[in-house]
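Source file data_21.pdb; content: PDB, C-alpha atoms, pLDDT in the B column.
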```pdb
MODEL        1
ATOM      1  CA  MET K1351      85.953  80.106 134.681  1.00 34.00           C
ATOM      2  CA  GLN K1352      88.863  77.882 133.739  1.00 40.00           C
ATOM      3  CA  ARG K1353      90.398  75.788 136.515  1.00 39.00           C
ATOM      4  CA  SER K1354      94.141  75.741 136.968  1.00 41.00           C
ATOM      5  CA  HIS K1355      96.276  72.653 136.397  1.00 46.00           C
ATOM      6  CA  TYR K1356      96.757  72.326 140.116  1.00 42.00           C
ATOM      7  CA  ALA K1357      93.029  72.504 140.882  1.00 40.00           C
ATOM      8  CA  LYS K1358      92.514  69.509 138.628  1.00 49.00           C
ATOM      9  CA  ALA K1359      95.184  67.632 140.587  1.00 48.00           C
ATOM     10  CA  THR K1360      92.859  67.529 143.584  1.00 56.00           C
ATOM     11  CA  ASN K1361      90.400  65.238 141.740  1.00 77.00           C
ATOM     12  CA  ILE K1362      91.997  62.123 143.192  1.00 83.00           C
ATOM     13  CA  ARG K1363      90.802  58.780 141.830  1.00 89.00           C
ATOM     14  CA  ASP K1364      91.606  55.162 142.639  1.00 91.00           C
ATOM     15  CA  ALA K1365      94.771  54.111 140.803  1.00 93.00           C
ATOM     16  CA  SER K1366      95.612  51.198 143.102  1.00 91.00           C
ATOM     17  CA  HIS K1367      95.640  48.713 140.226  1.00 96.00           C
ATOM     18  CA  LEU K1368      98.141  50.669 138.123  1.00 97.00           C
ATOM     19  CA  SER K1369     101.870  50.167 137.717  1.00 98.00           C
ATOM     20  CA  VAL K1370     103.880  53.351 137.232  1.00 98.00           C
ATOM     21  CA  GLY K1371     107.431  54.025 136.124  1.00 98.00           C
ATOM     22  CA  ILE K1372     109.367  57.132 137.061  1.00 98.00           C
ATOM     23  CA  VAL K1373     112.455  58.279 135.179  1.00 98.00           C
ATOM     24  CA  VAL K1374     114.322  61.036 136.983  1.00 98.00           C
ATOM     25  CA  SER K1375     117.424  62.948 135.957  1.00 98.00           C
ATOM     26  CA  ASP K1376     120.236  63.199 138.498  1.00 98.00           C
ATOM     27  CA  PHE K1377     121.513  66.469 136.980  1.00 97.00           C
ATOM     28  CA  ASN K1378     120.275  69.378 139.124  1.00 96.00           C
ATOM     29  CA  SER K1379     119.392  66.753 141.728  1.00 97.00           C
ATOM     30  CA  ASP K1380     118.503  69.325 144.384  1.00 96.00           C
ATOM     31  CA  VAL K1381     115.555  70.215 142.132  1.00 98.00           C
ATOM     32  CA  THR K1382     114.763  66.818 140.601  1.00 98.00           C
ATOM     33  CA  GLU K1383     114.648  65.085 143.991  1.00 98.00           C
ATOM     34  CA  ARG K1384     111.884  67.507 145.010  1.00 98.00           C
ATOM     35  CA  LEU K1385     110.043  66.772 141.775  1.00 98.00           C
ATOM     36  CA  LEU K1386     110.403  63.079 142.563  1.00 98.00           C
ATOM     37  CA  THR K1387     109.069  63.538 146.089  1.00 98.00           C
ATOM     38  CA  GLY K1388     106.054  65.410 144.718  1.00 98.00           C
ATOM     39  CA  ALA K1389     105.355  62.664 142.182  1.00 98.00           C
ATOM     40  CA  GLN K1390     105.728  59.894 144.777  1.00 98.00           C
ATOM     41  CA  THR K1391     103.391  61.682 147.188  1.00 97.00           C
ATOM     42  CA  THR K1392     100.785  62.019 144.444  1.00 97.00           C
ATOM     43  CA  LEU K1393     101.072  58.336 143.527  1.00 98.00           C
ATOM     44  CA  ARG K1394     100.451  57.387 147.174  1.00 97.00           C
ATOM     45  CA  GLN K1395      97.469  59.755 147.369  1.00 97.00           C
ATOM     46  CA  TRP K1396      95.952  58.029 144.347  1.00 97.00           C
ATOM     47  CA  GLY K1397      96.538  54.606 145.937  1.00 97.00           C
ATOM     48  CA  VAL K1398      99.348  53.301 143.719  1.00 98.00           C
ATOM     49  CA  LYS K1399     101.039  50.481 145.611  1.00 97.00           C
ATOM     50  CA  GLU K1400     104.727  50.919 146.428  1.00 97.00           C
ATOM     51  CA  LYS K1401     105.511  47.542 144.826  1.00 97.00           C
ATOM     52  CA  ASN K1402     103.993  48.840 141.566  1.00 98.00           C
ATOM     53  CA  ILE K1403     106.298  51.863 141.315  1.00 98.00           C
ATOM     54  CA  ARG K1404     109.645  51.490 139.575  1.00 98.00           C
ATOM     55  CA  THR K1405     112.069  54.406 139.602  1.00 98.00           C
ATOM     56  CA  ILE K1406     115.044  54.718 137.257  1.00 98.00           C
ATOM     57  CA  HIS K1407     117.699  57.402 137.682  1.00 98.00           C
ATOM     58  CA  VAL K1408     119.495  58.673 134.580  1.00 98.00           C
ATOM     59  CA  PRO K1409     122.486  61.056 134.401  1.00 98.00           C
ATOM     60  CA  GLY K1410     120.698  63.987 132.761  1.00 97.00           C
ATOM     61  CA  SER K1411     117.476  65.027 131.072  1.00 98.00           C
ATOM     62  CA  PHE K1412     118.814  64.028 127.644  1.00 97.00           C
ATOM     63  CA  GLU K1413     118.861  60.400 128.845  1.00 98.00           C
ATOM     64  CA  ILE K1414     115.225  60.410 130.020  1.00 98.00           C
ATOM     65  CA  PRO K1415     113.825  58.925 126.765  1.00 98.00           C
ATOM     66  CA  PHE K1416     116.327  56.059 127.068  1.00 98.00           C
ATOM     67  CA  GLY K1417     115.193  55.410 130.642  1.00 98.00           C
ATOM     68  CA  CYS K1418     111.575  55.419 129.454  1.00 98.00           C
ATOM     69  CA  THR K1419     112.486  52.911 126.733  1.00 98.00           C
ATOM     70  CA  LYS K1420     114.034  50.604 129.340  1.00 98.00           C
ATOM     71  CA  LEU K1421     110.797  50.662 131.338  1.00 98.00           C
ATOM     72  CA  LEU K1422     108.585  50.196 128.282  1.00 98.00           C
ATOM     73  CA  SER K1423     110.576  47.265 126.923  1.00 96.00           C
ATOM     74  CA  GLY K1424     110.931  45.475 130.263  1.00 89.00           C
ATOM     75  CA  LYS K1425     109.118  42.345 131.423  1.00 90.00           C
ATOM     76  CA  LYS K1426     106.216  44.331 132.866  1.00 92.00           C
ATOM     77  CA  LYS K1427     105.381  47.440 130.875  1.00 96.00           C
ATOM     78  CA  PRO K1428     104.039  50.157 133.186  1.00 98.00           C
ATOM     79  CA  ASP K1429     100.573  51.637 132.730  1.00 98.00           C
ATOM     80  CA  ALA K1430     102.119  55.123 132.828  1.00 98.00           C
ATOM     81  CA  ILE K1431     105.503  56.820 133.159  1.00 98.00           C
ATOM     82  CA  ILE K1432     106.466  60.086 134.806  1.00 98.00           C
ATOM     83  CA  ALA K1433     109.544  61.785 133.294  1.00 98.00           C
ATOM     84  CA  LEU K1434     111.259  64.244 135.656  1.00 98.00           C
ATOM     85  CA  GLY K1435     114.144  66.571 134.914  1.00 98.00           C
ATOM     86  CA  CYS K1436     115.401  70.130 135.108  1.00 98.00           C
ATOM     87  CA  VAL K1437     117.117  71.998 132.269  1.00 97.00           C
ATOM     88  CA  ILE K1438     118.112  75.492 133.408  1.00 96.00           C
ATOM     89  CA  LYS K1439     118.744  78.178 130.804  1.00 93.00           C
ATOM     90  CA  GLY K1440     122.416  78.933 130.372  1.00 86.00           C
ATOM     91  CA  GLU K1441     124.525  81.331 128.363  1.00 86.00           C
ATOM     92  CA  THR K1442     124.127  79.276 125.178  1.00 88.00           C
ATOM     93  CA  GLU K1443     121.125  77.632 123.517  1.00 88.00           C
ATOM     94  CA  HIS K1444     122.139  74.226 124.861  1.00 89.00           C
ATOM     95  CA  ASP K1445     118.984  74.113 127.015  1.00 91.00           C
ATOM     96  CA  ARG K1446     116.763  74.443 123.933  1.00 93.00           C
ATOM     97  CA  TYR K1447     118.420  71.535 122.153  1.00 95.00           C
ATOM     98  CA  ILE K1448     118.147  69.306 125.210  1.00 96.00           C
ATOM     99  CA  SER K1449     114.526  70.259 125.931  1.00 96.00           C
ATOM    100  CA  HIS K1450     113.395  69.762 122.329  1.00 97.00           C
ATOM    101  CA  ALA K1451     115.147  66.396 122.060  1.00 97.00           C
ATOM    102  CA  VAL K1452     113.652  65.144 125.322  1.00 98.00           C
ATOM    103  CA  ALA K1453     110.151  66.327 124.420  1.00 98.00           C
ATOM    104  CA  ALA K1454     110.334  64.721 120.970  1.00 98.00           C
ATOM    105  CA  GLY K1455     111.696  61.468 122.405  1.00 98.00           C
ATOM    106  CA  ILE K1456     108.992  61.244 125.054  1.00 98.00           C
ATOM    107  CA  THR K1457     106.230  62.048 122.573  1.00 98.00           C
ATOM    108  CA  THR K1458     107.444  59.409 120.123  1.00 98.00           C
ATOM    109  CA  LEU K1459     107.688  56.745 122.829  1.00 98.00           C
ATOM    110  CA  SER K1460     104.258  57.556 124.249  1.00 98.00           C
ATOM    111  CA  ILE K1461     102.636  57.242 120.833  1.00 97.00           C
ATOM    112  CA  ASN K1462     104.580  54.162 119.712  1.00 97.00           C
ATOM    113  CA  TYR K1463     104.031  52.251 122.969  1.00 97.00           C
ATOM    114  CA  LYS K1464     100.503  53.618 123.522  1.00 97.00           C
ATOM    115  CA  THR K1465     101.482  54.481 127.090  1.00 98.00           C
ATOM    116  CA  PRO K1466     101.109  57.880 128.746  1.00 98.00           C
ATOM    117  CA  ILE K1467     104.434  59.508 129.568  1.00 98.00           C
ATOM    118  CA  ALA K1468     103.965  62.715 131.516  1.00 98.00           C
ATOM    119  CA  PHE K1469     106.436  65.505 130.800  1.00 97.00           C
ATOM    120  CA  GLY K1470     107.726  66.683 134.160  1.00 98.00           C
ATOM    121  CA  VAL K1471     110.890  68.247 132.767  1.00 98.00           C
ATOM    122  CA  ILE K1472     111.027  71.838 133.887  1.00 97.00           C
ATOM    123  CA  THR K1473     112.862  74.442 131.811  1.00 96.00           C
ATOM    124  CA  PRO K1474     113.328  77.482 134.069  1.00 96.00           C
ATOM    125  CA  ASN K1475     115.451  80.517 133.358  1.00 95.00           C
ATOM    126  CA  SER K1476     117.193  80.336 136.742  1.00 95.00           C
ATOM    127  CA  LEU K1477     117.823  78.141 139.756  1.00 95.00           C
ATOM    128  CA  ALA K1478     115.428  80.338 141.741  1.00 95.00           C
ATOM    129  CA  GLN K1479     112.628  79.576 139.247  1.00 96.00           C
ATOM    130  CA  ALA K1480     113.537  75.881 139.379  1.00 96.00           C
ATOM    131  CA  ARG K1481     113.171  75.881 143.141  1.00 96.00           C
ATOM    132  CA  VAL K1482     109.719  77.474 142.922  1.00 95.00           C
ATOM    133  CA  ARG K1483     108.579  74.927 140.314  1.00 95.00           C
ATOM    134  CA  SER K1484     109.763  72.005 142.432  1.00 96.00           C
ATOM    135  CA  THR K1485     108.162  72.894 145.761  1.00 93.00           C
ATOM    136  CA  GLY K1486     104.774  73.393 147.354  1.00 90.00           C
ATOM    137  CA  LYS K1487     101.688  73.991 145.263  1.00 89.00           C
ATOM    138  CA  HIS K1488     103.796  74.685 142.144  1.00 93.00           C
ATOM    139  CA  ASN K1489     105.606  71.307 142.197  1.00 97.00           C
ATOM    140  CA  LYS K1490     105.638  70.081 138.595  1.00 98.00           C
ATOM    141  CA  GLY K1491     106.300  66.543 139.839  1.00 98.00           C
ATOM    142  CA  VAL K1492     102.797  66.586 141.322  1.00 97.00           C
ATOM    143  CA  GLU K1493     101.342  67.848 138.042  1.00 97.00           C
ATOM    144  CA  ALA K1494     103.214  65.259 135.973  1.00 98.00           C
ATOM    145  CA  ALA K1495     102.080  62.410 138.239  1.00 98.00           C
ATOM    146  CA  THR K1496      98.494  63.651 138.074  1.00 97.00           C
ATOM    147  CA  ALA K1497      98.644  63.845 134.275  1.00 97.00           C
ATOM    148  CA  ALA K1498     100.141  60.344 133.993  1.00 98.00           C
ATOM    149  CA  LEU K1499      97.530  58.794 136.265  1.00 98.00           C
ATOM    150  CA  THR K1500      94.648  60.651 134.658  1.00 97.00           C
ATOM    151  CA  CYS K1501      95.677  59.430 131.206  1.00 97.00           C
ATOM    152  CA  ALA K1502      96.282  55.869 132.411  1.00 98.00           C
ATOM    153  CA  LEU K1503      92.744  55.798 133.818  1.00 97.00           C
ATOM    154  CA  LEU K1504      91.088  57.001 130.630  1.00 94.00           C
ATOM    155  CA  PRO K1505      88.356  54.599 129.476  1.00 90.00           C
TER
ENDMDL
END
```
Now, as a test, write the supplied structure out as structure tokens.
Amino acid sequence: MQRSHYAKATNIRDASHLSVGIVVSDFNSDVTERLLTGAQTTLRQWGVKEKNIRTIHVPGSFEIPFGCTKLLSGKKKPDAIIALGCVIKGETEHDRYISHAVAAGITTLSINYKTPIAFGVITPNSLAQARVRSTGKHNKGVEAATAALTCALLP
């Protein structure tokens, strides 16, 4: 039987020695703030110290890779980054272009800097779907934080 993503999130480990960056989009902030809260809660559960968490707000999801670059090229490179955003499907294919660009940017940065960057950018078809994916047991901020920490703790 395969375990769900969320079930794996309950395998909390000690991450108290890690430094973590969070880049969060301010566009669709009613959704992204809930993603951020989920990620922050997860970081606390894993023992990440508040002083070792740096959060950067960017205007929209398209700017997330730039925010990640700022964190990665700073004085103290984080052990992991959590990228949070929300791109809701519209009447055009604009959402596809944004989502693909953000995913490619994050992947490139993660590989080039050898630092895990968890993709917590949700791409729902509606605001209702976005709300579901940013609350409770379906909060993708929780999943992204768990993925970032798990990768940062790999031997």
**Q.** Exercise: segment 1377-1384 of chain K partners within 7 Å, only C-alpha atoms, chain neighbours under 4 positions left out, as a list of chain:residue names
**A.** K:Gly1388, K:Pro1409, K:Gly1410, K:Leu1434, K:Gly1435, K:Cys1436, K:Ala1480, K:Arg1481, K:Ser1484, K:Thr1485
Q.
Quick check, in Å to one decimal: how far apart do atom CA of Leu1499 of chain K and atom CA of Glu1400 of chain K lie?
A.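 Computed distance, atom CA of Leu1499 of chain K to atom CA of Glu1400 of chain K, equals 14.7 Å.
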Q) Between K:Glu1413, K:Lys1490, K:Glu1441, K:Asn1402, which is the closest to Ser1476 of chain K once you count only C-alpha atoms? A)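 Closest to Ser1476 of chain K of all the choices is K:Glu1441.
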Q. Taking (104.6, 53.3, 122.6) in the file's coordinates, which residues come within 12 Å, counting only C-alpha atoms, written as a PyMOL selection string?
A. chain K and resi 1415+1418-1423+1427-1431+1455-1467
**Q.** Test item: residues at most 12 Å from Asn1489 of chain K, only C-alpha atoms, excluding those fewer than 2 positions along its chain, as an NGL selection string
**A.** :K and (1355-1356 or 1359 or 1381-1392 or 1434 or 1470-1472 or 1479-1487 or 1491-1496)
